[in-house]
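Colleague: I am attaching a structure below and will ask some questions about it afterwards.
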Amino acid sequence: MSTTEASGASTAAPVANSGQGAQRETAERPRTNRSQVANTCQSVLALTPTFHPMAYDLDEVVPWGRSFAEYQAMFDLNDTDLQVPILGCGDGPDGFNAEATKAGHSVVSIDPLYASDVKSIERRIDQVFDTVMNQTRANSDEFVWGTPIRNPDHLAATRTTAMQHFLEDFPKGSADSRYIAGALPDLDLADGSFGLALCSHYLFLYSKQISPEEHIASLRELCRVAEEVRVFPLLELGSRPSRHLTSVLRKLTAAGHAVEVRLVSYEFQKRGNQMLAIR
Ligand SMILES: C[S@@+](CC[C@H](N)C(=O)[O-])C[C@H]1O[C@@H](n2cnc3c(N)ncnc32)[C@H](O)[C@@H]1O
C-alpha cells in the first residue's frame with residue numbers, strides 16, 4: 001500500500017482527556033478524513049504481497065496478528081504498564097485488544113483496516129495467509145525457532161488463534177469504540193489520551209515502504225496522544241536493522257524526546273529483540 005496516502009502531521013490543540021476511545025472533538029488543521037481512511041483501508045485490503053525467494057520480503061503492509069502474550073514480551077509490559085489506557089496502533093487483526101480486554105485492561109486499537117467489516121477483513125487474512133507462511137518457510141533461517149514459536153506449523157496455529165480472537169471480538173469491540181479506523185501519521189485522537197502507545201510490526205519493519213519523514217511524523221503523533229510510545233521490532237523485513245533507525249533516533253532526540261533502545265525477552269526475527277521507548 002502507499003502508506004503516504006494518509007499524510008499530514010498533527011499539532012491540534014489539546015481537548016479533554018477521556019482515556020479509552022478518546023477521539024478529538026476539534027481540529028485546527030485539515031486531518032485525515034473518512035474517505036482518506038477508507039482509501040488507505042482499500043489499499044490494505046487490495047494488496048498482493050510479492051514472493052521474493054532470496055529474503056523475507058513483502059511489497060506491501062499485510063494484515064497479520066500476534067497474541068497478547070507476544071505483546072507482553074515484545075513490549076516488556078509489566079503490571080504497572082497494563083494499568084494505564086493503552087493505544088495499539090497498527091494492531092490489525094491481532095489478538096492483543098480482545099485478550100487484554102478480557103483480562104480487564106483498557107485498550108483501544110487504531111488501524112486503517114477497521115474501516116472494513118469483519119467478513120472483508122477475514123477474506124483479506126485468508127488471501128495473504130499462505131503467502132506469509134510460504135515466505136516464512138522459504139526463509140526459515142531468518143527466524144528463531146523455539147520460544148515463543150516452535151516451528152512454522154506452530155506459527156500458523158498461533159497466528160490463526162490470535163486472529164480468531166480478533167475476528168470474534170471485532171463487531172462488539174467496534175461498537176464499543178475499542179477498534180477505530182485511522183492511519184498514521186495523523187490520528188483523530190485527543191492529546192494525551194493514553195498512558196502508553198504500542199506499535200508492533202508496522203513502523204521500522206516496513207522501512208522500504210515508509211519514508212524516514214513518515215516515521216518521524218508518525219512517532220511524534222504517537223507521542224502527542226500518549227505519555228510513552230513503544231515500537232517493536234527495530235528490524236525491517238529480511239531481519240536487517242531498519243535503514244531509518246539511526247536518523248529517526250537522531251531527529252527525535254533533537255526534537256526533545258527521550259529515546260531508549262531496550263532489550264526484551266522476545267526474539268522471533270533473528271536479532272529482533274530490541275524495542276524503542278520514546279517519551
Ligand atoms: C503486519 S500488521 C501488524 C499487526 C499487529 N500489530 C501485529 O503485530 O500482529 C501491520 C498493520 O499495520 C496497519 N497499517 C497500515 N498502514 C497503516 C498506517 N498508516 N497507520 C497505522 N497502521 C497501518 C495494517 O493495516 C496492518 O494491520
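The chains in the C-alpha cells are called A, B, ... from first to last as shown; in each chain the residues are counted from 1, and the ligands are counted from 1 in the order shown.
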Would you pick out the contacts of Gly95 in chain A at 12 Å or less, using only C-alpha atoms, so that residues sharing its chain but fewer than 3 positions from it are not included, and give the list as a ChimeraX atom specification?
Modeller: /A:64-72,88,91-92,98-102,107,109,158-170,173,179
Colleague: Select the residues contacting ligand 1 at a distance of at most 6 Å, based on only C-alpha atoms and all ligand atoms, then format the selection as a list in words.
Modeller: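 Using only C-alpha atoms and all ligand atoms, I find these residues within 6 Å of ligand 1: Thr3, Val44, Val61, Val62, Pro63, Trp64, Gly65, Arg66, Cys89, Gly90, Asp91, Gly92, Asp94, Asp111, Pro112, Leu113, Ala183, Leu184, Ser200, His201 and Tyr202 of chain A.
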Colleague: The selected residues should be written to file as an mmCIF file, in the first residue's frame (atoms: C-alpha atoms).
Modeller:
```cif
data_model
loop_
_atom_site.group_PDB
_atom_site.id
_atom_site.type_symbol
_atom_site.label_atom_id
_atom_site.label_comp_id
_atom_site.auth_asym_id
_atom_site.auth_seq_id
_atom_site.Cartn_x
_atom_site.Cartn_y
_atom_site.Cartn_z
ATOM 1 C CA THR A 3 1.438 4.469 3.254
ATOM 2 C CA VAL A 44 -4.514 -2.519 2.675
ATOM 3 C CA VAL A 61 1.847 -3.996 4.510
ATOM 4 C CA VAL A 62 -0.262 -7.081 5.218
ATOM 5 C CA PRO A 63 -2.820 -7.845 7.939
ATOM 6 C CA TRP A 64 -1.330 -10.335 10.388
ATOM 7 C CA GLY A 65 -1.897 -10.950 14.071
ATOM 8 C CA ARG A 66 0.088 -11.641 17.189
ATOM 9 C CA CYS A 89 -1.544 1.475 16.690
ATOM 10 C CA GLY A 90 -1.495 -0.717 13.587
ATOM 11 C CA ASP A 91 -2.944 -3.604 15.600
ATOM 12 C CA GLY A 92 -4.660 -5.036 12.528
ATOM 13 C CA ASP A 94 -4.111 -9.277 16.234
ATOM 14 C CA ASP A 111 -5.778 0.737 12.121
ATOM 15 C CA PRO A 112 -6.986 1.646 8.602
ATOM 16 C CA LEU A 113 -8.194 -1.950 8.304
ATOM 17 C CA ALA A 183 -3.994 5.806 9.994
ATOM 18 C CA LEU A 184 -0.640 7.251 10.935
ATOM 19 C CA SER A 200 4.019 -3.635 16.595
ATOM 20 C CA HIS A 201 5.288 -4.750 13.194
ATOM 21 C CA TYR A 202 4.437 -1.633 11.205
#
```
Colleague: Using DSSP assignments from the backbone, pull out every residue in range 85-211 of chain A that falls under strand (DSSP E or B) and give it to me as a list in words.
Modeller: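 Put together, the selection reads Ile86, Leu87, Gly88, Cys89, Val107, Val108, Ser109, Ile110, Phe143, Tyr179, Ile180, Ala183, Asp186, Leu189, Phe194, Gly195, Leu196, Ala197, Leu198, Cys199 and Ser200 of chain A.
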Colleague: So how far away is CA of Tyr266 in chain A from CA of Ser140 in chain A, in Å?
Modeller: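 Value for the CA of Ser140 in chain A-CA of Tyr266 in chain A distance: 17.1 Å.
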Colleague: Identify, with DSSP run on backbone atoms, the residues in range 56-204 of chain A assigned to helix (DSSP H, G or I), and express the list as a ChimeraX atom specification.
Modeller: /A:68-74,81-83,96-102,112-115,118-138,140-142,152-175
Colleague: For those residues, write C-alpha atoms to a file as a PDB file, in the first residue's frame.
Modeller:
```pdb
ATOM      1  CA  PHE A  68      -1.479 -10.682  23.962  1.00  0.00           C
ATOM      2  CA  ALA A  69       1.338 -12.861  25.359  1.00  0.00           C
ATOM      3  CA  GLU A  70       3.577 -11.839  22.446  1.00  0.00           C
ATOM      4  CA  TYR A  71       2.728  -8.155  23.032  1.00  0.00           C
ATOM      5  CA  GLN A  72       3.657  -8.545  26.708  1.00  0.00           C
ATOM      6  CA  ALA A  73       7.058  -9.966  25.737  1.00  0.00           C
ATOM      7  CA  MET A  74       7.750  -7.648  22.758  1.00  0.00           C
ATOM      8  CA  ASP A  81       2.189  -0.716  32.283  1.00  0.00           C
ATOM      9  CA  LEU A  82      -1.056  -2.650  31.900  1.00  0.00           C
ATOM     10  CA  GLN A  83      -2.898  -0.412  34.352  1.00  0.00           C
ATOM     11  CA  PHE A  96      -3.982  -8.062  21.747  1.00  0.00           C
ATOM     12  CA  ASN A  97      -7.090  -5.940  22.258  1.00  0.00           C
ATOM     13  CA  ALA A  98      -9.501  -8.891  22.556  1.00  0.00           C
ATOM     14  CA  GLU A  99      -7.334 -10.768  25.049  1.00  0.00           C
ATOM     15  CA  ALA A 100      -6.323  -7.664  27.047  1.00  0.00           C
ATOM     16  CA  THR A 101      -9.940  -6.522  27.312  1.00  0.00           C
ATOM     17  CA  LYS A 102     -10.952  -9.957  28.577  1.00  0.00           C
ATOM     18  CA  PRO A 112      -6.986   1.646   8.602  1.00  0.00           C
ATOM     19  CA  LEU A 113      -8.194  -1.950   8.304  1.00  0.00           C
ATOM     20  CA  TYR A 114     -11.030  -1.239  10.747  1.00  0.00           C
ATOM     21  CA  ALA A 115     -12.925   0.799   8.140  1.00  0.00           C
ATOM     22  CA  VAL A 118     -15.392  -8.330   9.698  1.00  0.00           C
ATOM     23  CA  LYS A 119     -16.126 -10.502   6.631  1.00  0.00           C
ATOM     24  CA  SER A 120     -13.889  -8.378   4.388  1.00  0.00           C
ATOM     25  CA  ILE A 121     -11.087  -8.492   6.958  1.00  0.00           C
ATOM     26  CA  GLU A 122     -11.449 -12.273   7.254  1.00  0.00           C
ATOM     27  CA  ARG A 123     -11.293 -12.621   3.460  1.00  0.00           C
ATOM     28  CA  ARG A 124      -8.179 -10.465   3.345  1.00  0.00           C
ATOM     29  CA  ILE A 125      -6.476 -12.572   6.036  1.00  0.00           C
ATOM     30  CA  ASP A 126      -7.308 -15.707   4.024  1.00  0.00           C
ATOM     31  CA  GLN A 127      -5.815 -14.104   0.893  1.00  0.00           C
ATOM     32  CA  VAL A 128      -2.448 -13.333   2.490  1.00  0.00           C
ATOM     33  CA  PHE A 129      -2.139 -16.237   4.932  1.00  0.00           C
ATOM     34  CA  ASP A 130      -0.459 -18.733   2.587  1.00  0.00           C
ATOM     35  CA  THR A 131       1.843 -16.096   1.093  1.00  0.00           C
ATOM     36  CA  VAL A 132       3.114 -15.046   4.515  1.00  0.00           C
ATOM     37  CA  MET A 133       3.539 -18.654   5.640  1.00  0.00           C
ATOM     38  CA  ASN A 134       5.317 -19.590   2.380  1.00  0.00           C
ATOM     39  CA  GLN A 135       7.660 -16.629   2.856  1.00  0.00           C
ATOM     40  CA  THR A 136       8.388 -17.765   6.393  1.00  0.00           C
ATOM     41  CA  ARG A 137       9.053 -21.371   5.372  1.00  0.00           C
ATOM     42  CA  ALA A 138      11.260 -20.325   2.432  1.00  0.00           C
ATOM     43  CA  SER A 140      13.127 -20.050   7.908  1.00  0.00           C
ATOM     44  CA  ASP A 141      16.807 -19.375   8.687  1.00  0.00           C
ATOM     45  CA  GLU A 142      15.851 -15.741   9.402  1.00  0.00           C
ATOM     46  CA  PRO A 152       6.218 -22.983  11.044  1.00  0.00           C
ATOM     47  CA  ASP A 153       3.169 -25.131  11.852  1.00  0.00           C
ATOM     48  CA  HIS A 154       3.149 -23.743  15.373  1.00  0.00           C
ATOM     49  CA  LEU A 155       3.455 -20.239  13.909  1.00  0.00           C
ATOM     50  CA  ALA A 156       0.434 -20.832  11.670  1.00  0.00           C
ATOM     51  CA  ALA A 157      -1.583 -22.146  14.615  1.00  0.00           C
ATOM     52  CA  THR A 158      -0.534 -19.296  16.940  1.00  0.00           C
ATOM     53  CA  ARG A 159      -1.385 -16.615  14.373  1.00  0.00           C
ATOM     54  CA  THR A 160      -4.689 -18.300  13.486  1.00  0.00           C
ATOM     55  CA  THR A 161      -5.748 -18.394  17.144  1.00  0.00           C
ATOM     56  CA  ALA A 162      -4.802 -14.740  17.725  1.00  0.00           C
ATOM     57  CA  MET A 163      -6.610 -13.589  14.576  1.00  0.00           C
ATOM     58  CA  GLN A 164      -9.650 -15.699  15.503  1.00  0.00           C
ATOM     59  CA  HIS A 165      -9.784 -13.864  18.850  1.00  0.00           C
ATOM     60  CA  PHE A 166      -9.756 -10.597  16.905  1.00  0.00           C
ATOM     61  CA  LEU A 167     -12.456 -11.673  14.436  1.00  0.00           C
ATOM     62  CA  GLU A 168     -14.765 -12.779  17.263  1.00  0.00           C
ATOM     63  CA  ASP A 169     -14.199  -9.550  19.189  1.00  0.00           C
ATOM     64  CA  PHE A 170     -14.231  -7.036  16.320  1.00  0.00           C
ATOM     65  CA  PRO A 171     -18.013  -6.437  15.930  1.00  0.00           C
ATOM     66  CA  LYS A 172     -18.581  -5.734  19.643  1.00  0.00           C
ATOM     67  CA  GLY A 173     -15.221  -4.003  20.031  1.00  0.00           C
ATOM     68  CA  SER A 174     -16.037  -1.639  17.151  1.00  0.00           C
ATOM     69  CA  ALA A 175     -19.420  -0.832  18.673  1.00  0.00           C
TER      70      ALA A 175
END
```
Colleague: For Gln269 in chain A, work out the shell of residues within 7 Å, counting only C-alpha atoms and skipping chain neighbours fewer than 5 positions away, then give it as an NGL selection string.
Modeller: :A and (142-144 or 239)
